[in-house]
Amino acid sequence: MARAADAARRASDQRGWLLSLPALILLFLAASGPLIVVLIYSFLSPGQYGNVVWNFSLDGWRGILFSRDIFDDTLVLADAHLTIFWRSVWLSVMTTVITFAIGFPTAWFIATRPPAQRAMWLFLITIPFWTNLLIRTFAINEVIRNEGLLNSLLIWTGITERPIQIVYTDTAVLIGMAYVYLPLMVLPLFAAIDRFDLRLLEAGYDLYASRGQVLRRIILPIVKPGIVAGSILVFVPSLGAYVTPRVLGGGKNMMIGNFIELQFTQGRNWPLGAALSMMLLLIVMGALLIYVRAANRGTDPHG
Amino acid sequence: MEPTVTISARHVVKAFGQGSSSIRALDDVSVDIRRGEFFTLLGPSGCGKTTLLRLIAGFEAPTAGEILLDGADITRLPPNRRPVNTVFQSYALFPHLTVAENIGFGLRMQRRPAAEVKATTERMLALVKLDTLAGRRTSQLSGGQQQRVALARALAPAPKVLLLDEPLSALDLKLRKEMQIELKRLQMETGITFIFVTHDQEEALTMSDRIGVMSNGQLQQVGTPREIYTTPMNRFVAGFIGETNFLAGTAGPGAVVLQGGARVVAEHDRTGAVTLAIRPEQVRIVPAGEDGAIPARVRDLVYFGTTRIII
Ligand SMILES: Nc1ncnc2c1ncn2[C@@H]1O[C@H](COP(=O)(O)OP(=O)(O)OP(=O)(O)O)[C@@H](O)[C@H]1O
Ligand SMILES: [Mg+2]
């Protein structure tokens, strides 16, 4: 009898799997389809007015690092591209660091409020999500531009005589991205700190740990999963950011996202754009792999 | 040789909250705890036992009064600078560390040499019989094993005083009995002063060198288990420790006359209305009319394993 029931269950398991098959196929196509298209495009030749011509070529991939000299047709290292990649990675790392530095105390503050208040604080943190990204970015622009709120205030109080140039610099991009991605850092950190048993702090102090040691040896290792999640959630979209560097960085402080867009518009080099997109994907995956590996080292595989 | 005092609380007051809504968790508590003794704080829930321990550990500061350790005032010293360790009721083991790392934590924070940390950790593991589990995560341990880790972790830095807040309350009866013996053994082997909190009077009577009975934020009586049991200072202590029959009567020379007219021979120095406390085991059942007998009726018999309780 047990065997019959077993067989029946197995059969129904199989039917369940079959039933979800269409959804799985759809999901697979939706997730990988565009990627496959981009991958194929990266190995084709650019058309004259955009688009691609079906002609196998590695120029797209070569164009990531090298550009062809217009006079003697030799390949030279494209410094401008490297600068853009470097700026993208650097700004994304800095955004992650800044959002962590601001987000950790914030998340700690919220997690240690009485339960009734926590929902309100979390709600306040997520409010910026309710507004369109473009509008939020222009709002920041309004604050930091030369005739904006911040500079007017600085001049009015006499701290500076002339407006400080913030907008259209890397600093402006950093401010904008830190602001936009802060909630993505705070929420996973909050979830981790909320699970943290505050009694462990007393155990730490009792065992001769100073405040700094309690932070480094007890709090940070235990909430590490939250730190990893928050960092990934901030770093990945930062690296591909488009709107913020466009609005706050002006035309010249491009990040990879803007550079890719350029290839599909004025650049009329779709294969290069496609190759850049694939490279971005690879960088992100590589960074994730390294980061998750490093973060998992020495932590509880069960926790 | 006079036993020396390790921890001394002097007129300690601890109030929580402000103004009229404040609670006096401790109300003028003074006690001297001797070096190397097993001292138990006993009292009903909410009487201030945990609060007193937290003040000694340094997690809270007293509203008034002072706490001395070996004669030095430690009232304002933070917990990480007091040679006092706590075994928490919830154990509070570090989930990201192994058993051995938990035990060595205090020593590492004190920046002891690595060799010493290793040696002491191994000694502690042997002491609490956890040698085989050194590399485990604490989440993979049973309640009793976690308890042992908590003990070893607190003992490893060789504190002058070990504070234990109801460490056995989460264990089942059998394990509890085992750990009681274990704790007593550890205390004697290490010679460390133990301040142990419980609301289980049997636990207190069997394990302690001395007991402090608390109620409503005040220490009612401090004494050896025998003193507390045979000569309770007041009705609260008599009623809280052991089974007691309270009989109202009037004190007369060399005896107390009960309300029913029966006369009980007792040495005392009181006059007027008194309450007589009689331990059940001091009652003998005799035929009615015998000299000194109090007339009574057997109402029920309860079987209680090896003994029988007559109500
Ligand atoms: N942080 C606090 N804030 C306000 N009141 C407190 C605080 N801690 C303890 N109290 C109050 O102080 C009194 C004594 O508490 P304490 O925890 O010391 O009791 P206890 O003897 O340990 O009781 P139990 O046996 O239940 O653990 C209680 O009335 C309690 O409500
Ligand atoms: Mg308590």
# chains A, B, ... in the order shown; residues from 1 in each chain; ligands from 1
>>> closest_atom_pairs(of="chain B", to="chain A", cutoff="9 Å", atoms="only C-alpha atoms", output="CSV")
residue,atom,partner,partner_atom,distance
B:Ala57,CA,A:Asp206,CA,7.3
B:Gly58,CA,A:Asp206,CA,8.3
B:Phe59,CA,A:Glu202,CA,7.4
B:Pro78,CA,A:Tyr205,CA,8.2
B:Pro79,CA,A:Asp206,CA,5.2
B:Asn80,CA,A:Tyr208,CA,3.8
B:Arg81,CA,A:Tyr208,CA,6.3
B:Arg82,CA,A:Tyr208,CA,7.9
B:Pro83,CA,A:Tyr208,CA,8.5
B:Val84,CA,A:Asp206,CA,7.5
B:Asn85,CA,A:Asp206,CA,5.9
B:Thr86,CA,A:Asp206,CA,6.8
B:Val87,CA,A:Ala203,CA,8.7
B:Phe88,CA,A:Ala203,CA,7.9
B:Ser90,CA,A:Arg199,CA,8.5
B:Tyr91,CA,A:Ala203,CA,8.8
B:Ala92,CA,A:Leu200,CA,5.5
B:Leu93,CA,A:Leu200,CA,7.2
B:Phe94,CA,A:Leu200,CA,6.9
B:Pro95,CA,A:Ile222,CA,7.6
B:His96,CA,A:Asp300,CA,6.2
B:Leu97,CA,A:Asp300,CA,8.2
B:Phe105,CA,A:Leu207,CA,7.0
B:Gly106,CA,A:Leu207,CA,4.5
B:Leu107,CA,A:Leu207,CA,8.0
B:Arg108,CA,A:Ala209,CA,8.9
B:Met109,CA,A:Ala209,CA,5.4
B:Gln110,CA,A:Tyr208,CA,6.3
B:Arg137,CA,A:Asp300,CA,7.8
B:Ser139,CA,A:Gly303,CA,8.9
B:Arg153,CA,A:Leu207,CA,8.5
B:Ala154,CA,A:Leu207,CA,7.5
B:Pro157,CA,A:Leu207,CA,8.1
>>> residues_around(residues="Glu267 in chain B", least_positions_apart="2", cutoff="12 Å", atoms="only C-alpha atoms", output="PyMOL selection string")
chain B and resi 251-256+264-265+269-271+276
>>> write_last_selection(atoms="N, CA, C and O atoms", output="short mmCIF file (atom, residue, chain, number, x, y, z; two decimals), in the first residue's frame")
data_model
loop_
_atom_site.label_atom_id
_atom_site.label_comp_id
_atom_site.auth_asym_id
_atom_site.auth_seq_id
_atom_site.Cartn_x
_atom_site.Cartn_y
_atom_site.Cartn_z
N ALA B 251 2.05 33.96 72.81
CA ALA B 251 3.26 33.53 73.48
C ALA B 251 3.08 33.59 75.00
O ALA B 251 2.56 34.56 75.54
N GLY B 252 3.48 32.54 75.65
CA GLY B 252 3.50 32.50 77.11
C GLY B 252 4.87 32.02 77.55
O GLY B 252 5.68 31.68 76.70
N PRO B 253 5.15 31.98 78.86
CA PRO B 253 6.47 31.55 79.29
C PRO B 253 6.75 30.09 78.89
O PRO B 253 5.99 29.19 79.26
N GLY B 254 7.78 29.90 78.07
CA GLY B 254 8.23 28.56 77.70
C GLY B 254 7.32 27.82 76.76
O GLY B 254 7.55 26.66 76.46
N ALA B 255 6.29 28.48 76.29
CA ALA B 255 5.37 27.77 75.40
C ALA B 255 4.53 28.76 74.62
O ALA B 255 4.53 29.96 74.90
N VAL B 256 3.83 28.26 73.62
CA VAL B 256 2.89 29.08 72.86
C VAL B 256 1.54 28.40 72.94
O VAL B 256 1.42 27.19 72.72
N VAL B 264 1.99 24.40 72.94
CA VAL B 264 3.19 23.87 72.30
C VAL B 264 4.39 24.38 73.06
O VAL B 264 4.55 25.59 73.25
N VAL B 265 5.24 23.47 73.48
CA VAL B 265 6.44 23.87 74.22
C VAL B 265 7.44 24.45 73.23
O VAL B 265 7.74 23.83 72.20
N ASP B 269 11.50 34.38 72.98
CA ASP B 269 11.64 35.58 73.80
C ASP B 269 10.55 36.59 73.46
O ASP B 269 10.74 37.78 73.60
N ARG B 270 9.41 36.07 72.98
CA ARG B 270 8.35 36.98 72.56
C ARG B 270 7.23 37.01 73.58
O ARG B 270 7.12 36.15 74.44
N THR B 271 6.39 38.03 73.42
CA THR B 271 5.15 38.06 74.19
C THR B 271 4.04 38.45 73.21
O THR B 271 4.30 38.98 72.13
N LEU B 276 3.46 30.62 64.85
CA LEU B 276 4.35 29.50 65.07
C LEU B 276 4.56 28.81 63.72
O LEU B 276 3.61 28.49 63.02
#
>>> residues_near_ligand(ligand="ligand 2", cutoff="7 Å", atoms="only C-alpha atoms and all ligand atoms", output="ChimeraX atom specification")
/B:45-46,49-50,165
>>> residues_around(residues="Gly71 in chain B", least_positions_apart="4", cutoff="10 Å", atoms="only C-alpha atoms", output="ChimeraX atom specification")
/B:4-8,67
>>> residues_around(residues="Gly135 in chain B", least_positions_apart="4", cutoff="7 Å", atoms="only C-alpha atoms", output="list in words")
Thr98, Val99 and Ala100 of chain B
>>> write_last_selection(atoms="all heavy atoms", output="PDB file, in the first residue's frame")
ATOM      1  N   THR B  98      33.269  28.633  16.731  1.00  0.00           N
ATOM      2  CA  THR B  98      33.175  27.242  17.165  1.00  0.00           C
ATOM      3  C   THR B  98      33.173  27.194  18.688  1.00  0.00           C
ATOM      4  O   THR B  98      33.373  28.205  19.359  1.00  0.00           O
ATOM      5  CB  THR B  98      34.379  26.429  16.663  1.00  0.00           C
ATOM      6  OG1 THR B  98      35.552  26.979  17.265  1.00  0.00           O
ATOM      7  CG2 THR B  98      34.507  26.485  15.164  1.00  0.00           C
ATOM      8  N   VAL B  99      32.964  25.995  19.210  1.00  0.00           N
ATOM      9  CA  VAL B  99      32.990  25.797  20.656  1.00  0.00           C
ATOM     10  C   VAL B  99      34.312  26.297  21.229  1.00  0.00           C
ATOM     11  O   VAL B  99      34.347  27.082  22.178  1.00  0.00           O
ATOM     12  CB  VAL B  99      32.775  24.305  20.978  1.00  0.00           C
ATOM     13  CG1 VAL B  99      33.071  24.019  22.440  1.00  0.00           C
ATOM     14  CG2 VAL B  99      31.348  23.894  20.634  1.00  0.00           C
ATOM     15  N   ALA B 100      35.417  25.871  20.610  1.00  0.00           N
ATOM     16  CA  ALA B 100      36.733  26.254  21.121  1.00  0.00           C
ATOM     17  C   ALA B 100      36.937  27.766  21.013  1.00  0.00           C
ATOM     18  O   ALA B 100      37.467  28.400  21.930  1.00  0.00           O
ATOM     19  CB  ALA B 100      37.832  25.517  20.362  1.00  0.00           C
TER      20      ALA B 100
END
>>> residues_near_ligand(ligand="ligand 1", cutoff="8 Å", atoms="only C-alpha atoms and all ligand atoms", output="JSON, numbers by chain")
{"B": [15, 16, 17, 23, 24, 25, 26, 43, 44, 45, 46, 47, 48, 49, 50, 51, 52, 165, 166, 197, 198, 199, 216, 217]}
>>> write_last_selection(atoms="N, CA, C and O atoms", output="CSV table (one decimal), in the first residue's frame")
chain,number,residue,atom,x,y,z
B,15,ALA,N,16.8,52.0,40.9
B,15,ALA,CA,15.5,52.3,40.5
B,15,ALA,C,15.4,52.4,39.0
B,15,ALA,O,16.3,52.9,38.4
B,16,PHE,N,14.4,51.8,38.5
B,16,PHE,CA,14.1,51.9,37.0
B,16,PHE,C,13.0,52.9,36.8
B,16,PHE,O,12.0,52.9,37.5
B,17,GLY,N,13.1,53.8,35.8
B,17,GLY,CA,12.1,54.7,35.5
B,17,GLY,C,12.2,56.0,36.4
B,17,GLY,O,13.1,56.0,37.3
B,23,ILE,N,10.4,52.1,39.6
B,23,ILE,CA,10.3,50.8,40.4
B,23,ILE,C,11.7,50.7,41.1
B,23,ILE,O,12.7,50.9,40.5
B,24,ARG,N,11.6,50.4,42.4
B,24,ARG,CA,12.8,50.1,43.1
B,24,ARG,C,13.1,48.6,43.0
B,24,ARG,O,12.6,47.8,43.8
B,25,ALA,N,14.0,48.3,42.0
B,25,ALA,CA,14.3,46.8,41.8
B,25,ALA,C,15.2,46.4,43.0
B,25,ALA,O,15.1,45.2,43.4
B,26,LEU,N,16.0,47.3,43.5
B,26,LEU,CA,16.9,47.0,44.6
B,26,LEU,C,16.7,48.1,45.6
B,26,LEU,O,16.8,49.3,45.3
B,43,GLY,N,14.9,33.9,45.6
B,43,GLY,CA,13.8,34.7,45.8
B,43,GLY,C,12.8,34.5,44.7
B,43,GLY,O,13.1,34.0,43.6
B,44,PRO,N,11.6,35.0,44.9
B,44,PRO,CA,10.5,34.8,43.9
B,44,PRO,C,10.8,35.7,42.7
B,44,PRO,O,11.7,36.6,42.7
B,45,SER,N,10.1,35.5,41.6
B,45,SER,CA,10.2,36.2,40.4
B,45,SER,C,10.0,37.7,40.6
B,45,SER,O,9.1,38.1,41.3
B,46,GLY,N,10.9,38.5,40.1
B,46,GLY,CA,10.8,40.0,40.1
B,46,GLY,C,11.3,40.6,41.4
B,46,GLY,O,11.1,41.8,41.6
B,47,CYS,N,12.0,39.8,42.2
B,47,CYS,CA,12.5,40.4,43.5
B,47,CYS,C,13.8,41.1,43.3
B,47,CYS,O,14.3,41.8,44.3
B,48,GLY,N,14.4,41.1,42.2
B,48,GLY,CA,15.6,41.9,42.0
B,48,GLY,C,16.9,41.1,41.9
B,48,GLY,O,18.0,41.6,41.9
B,49,LYS,N,16.8,39.8,41.7
B,49,LYS,CA,18.1,38.9,41.7
B,49,LYS,C,18.9,39.3,40.5
B,49,LYS,O,20.1,39.5,40.6
B,50,THR,N,18.2,39.3,39.3
B,50,THR,CA,19.0,39.6,38.1
B,50,THR,C,19.6,41.0,38.1
B,50,THR,O,20.7,41.2,37.7
B,51,THR,N,18.8,41.9,38.6
B,51,THR,CA,19.3,43.3,38.7
B,51,THR,C,20.6,43.4,39.6
B,51,THR,O,21.5,44.0,39.2
B,52,LEU,N,20.6,42.6,40.7
B,52,LEU,CA,21.8,42.7,41.5
B,52,LEU,C,23.0,42.1,40.8
B,52,LEU,O,24.1,42.6,40.8
B,165,ASP,N,23.1,33.4,36.2
B,165,ASP,CA,21.7,33.8,36.4
B,165,ASP,C,20.8,32.6,35.9
B,165,ASP,O,20.6,32.4,34.7
B,166,GLU,N,20.3,31.9,36.8
B,166,GLU,CA,19.4,30.8,36.6
B,166,GLU,C,19.9,29.9,35.4
B,166,GLU,O,19.2,29.7,34.4
B,197,VAL,N,22.1,32.5,40.9
B,197,VAL,CA,20.7,33.0,41.0
B,197,VAL,C,19.8,31.8,40.7
B,197,VAL,O,20.0,31.1,39.7
B,198,THR,N,18.8,31.7,41.6
B,198,THR,CA,17.8,30.6,41.3
B,198,THR,C,16.5,31.0,42.0
B,198,THR,O,16.5,31.8,42.9
B,199,HIS,N,15.4,30.5,41.5
B,199,HIS,CA,14.2,30.6,42.4
B,199,HIS,C,13.8,29.2,42.8
B,199,HIS,O,12.7,29.0,43.3
B,216,ASN,N,11.1,41.6,47.2
B,216,ASN,CA,10.8,43.0,47.0
B,216,ASN,C,12.0,43.9,47.0
B,216,ASN,O,12.0,44.9,47.6
B,217,GLY,N,13.1,43.4,46.4
B,217,GLY,CA,14.3,44.3,46.3
B,217,GLY,C,15.1,44.4,47.5
B,217,GLY,O,16.0,45.2,47.6
>>> residues_around(residues="Thr250 in chain B", least_positions_apart="5", cutoff="8 Å", atoms="only C-alpha atoms", output="VMD selection string")
chain B and resid 256 to 259 271 to 274
>>> closest_residue(among="B:Ala114, B:Leu69, B:Tyr229, B:Val149", to="Asp131 in chain B", atoms="only C-alpha atoms")
B:Val149
>>> select_by_dssp(residues="range 20-259 of chain A", states="strand (DSSP E or B)", output="list of chain:residue names")
A:Ser45, A:Pro46, A:Val52, A:Val53, A:Phe66, A:Ser67, A:Arg68, A:Leu75, A:Val76, A:Leu77
>>> write_last_selection(atoms="C-alpha atoms", output="mmCIF file, in the first residue's frame")
data_model
loop_
_atom_site.group_PDB
_atom_site.id
_atom_site.type_symbol
_atom_site.label_atom_id
_atom_site.label_comp_id
_atom_site.auth_asym_id
_atom_site.auth_seq_id
_atom_site.Cartn_x
_atom_site.Cartn_y
_atom_site.Cartn_z
ATOM 1 C CA SER A 45 29.906 44.066 -38.112
ATOM 2 C CA PRO A 46 28.371 47.529 -37.637
ATOM 3 C CA VAL A 52 24.311 45.255 -37.746
ATOM 4 C CA VAL A 53 25.283 43.450 -40.909
ATOM 5 C CA PHE A 66 41.763 49.127 -28.753
ATOM 6 C CA SER A 67 40.939 51.668 -31.357
ATOM 7 C CA ARG A 68 42.179 51.746 -34.919
ATOM 8 C CA LEU A 75 45.623 49.137 -33.254
ATOM 9 C CA VAL A 76 46.356 51.377 -30.266
ATOM 10 C CA LEU A 77 45.190 51.054 -26.696
#
>>> atom_distance(atom1="CA of Val37 in chain A", atom2="CA of Gln266 in chain A")
21.0 Å
>>> atom_distance(atom1="CA of Gly223 in chain B", atom2="CA of Phe196 in chain B")
14.5 Å
>>> closest_residue(among="A:Met177, A:Ile135, A:Val97, A:Ala274", to="Val228 in chain A", atoms="only C-alpha atoms")
A:Val97
>>> residues_around(residues="Pro183 in chain A", least_positions_apart="6", cutoff="8 Å", atoms="only C-alpha atoms", output="NGL selection string")
:A and (103 or 125-126)
>>> atom_distance(atom1="CA of Ala170 in chain B", atom2="CA of Gln146 in chain B")
10.8 Å
>>> select_by_dssp(residues="range 51-288 of chain A", states="alpha helix (DSSP H)", output="PyMOL selection string")
chain A and resi 59-65+79-111+115-126+133-144+149-156+170-195+199-206+211-213+220-222+224-239+243-248+256-264+270-288
>>> residues_around(residues="Thr132 in chain B", least_positions_apart="5", cutoff="12 Å", atoms="only C-alpha atoms", output="PyMOL selection string")
chain B and resi 99-100+122+125-126+141+145
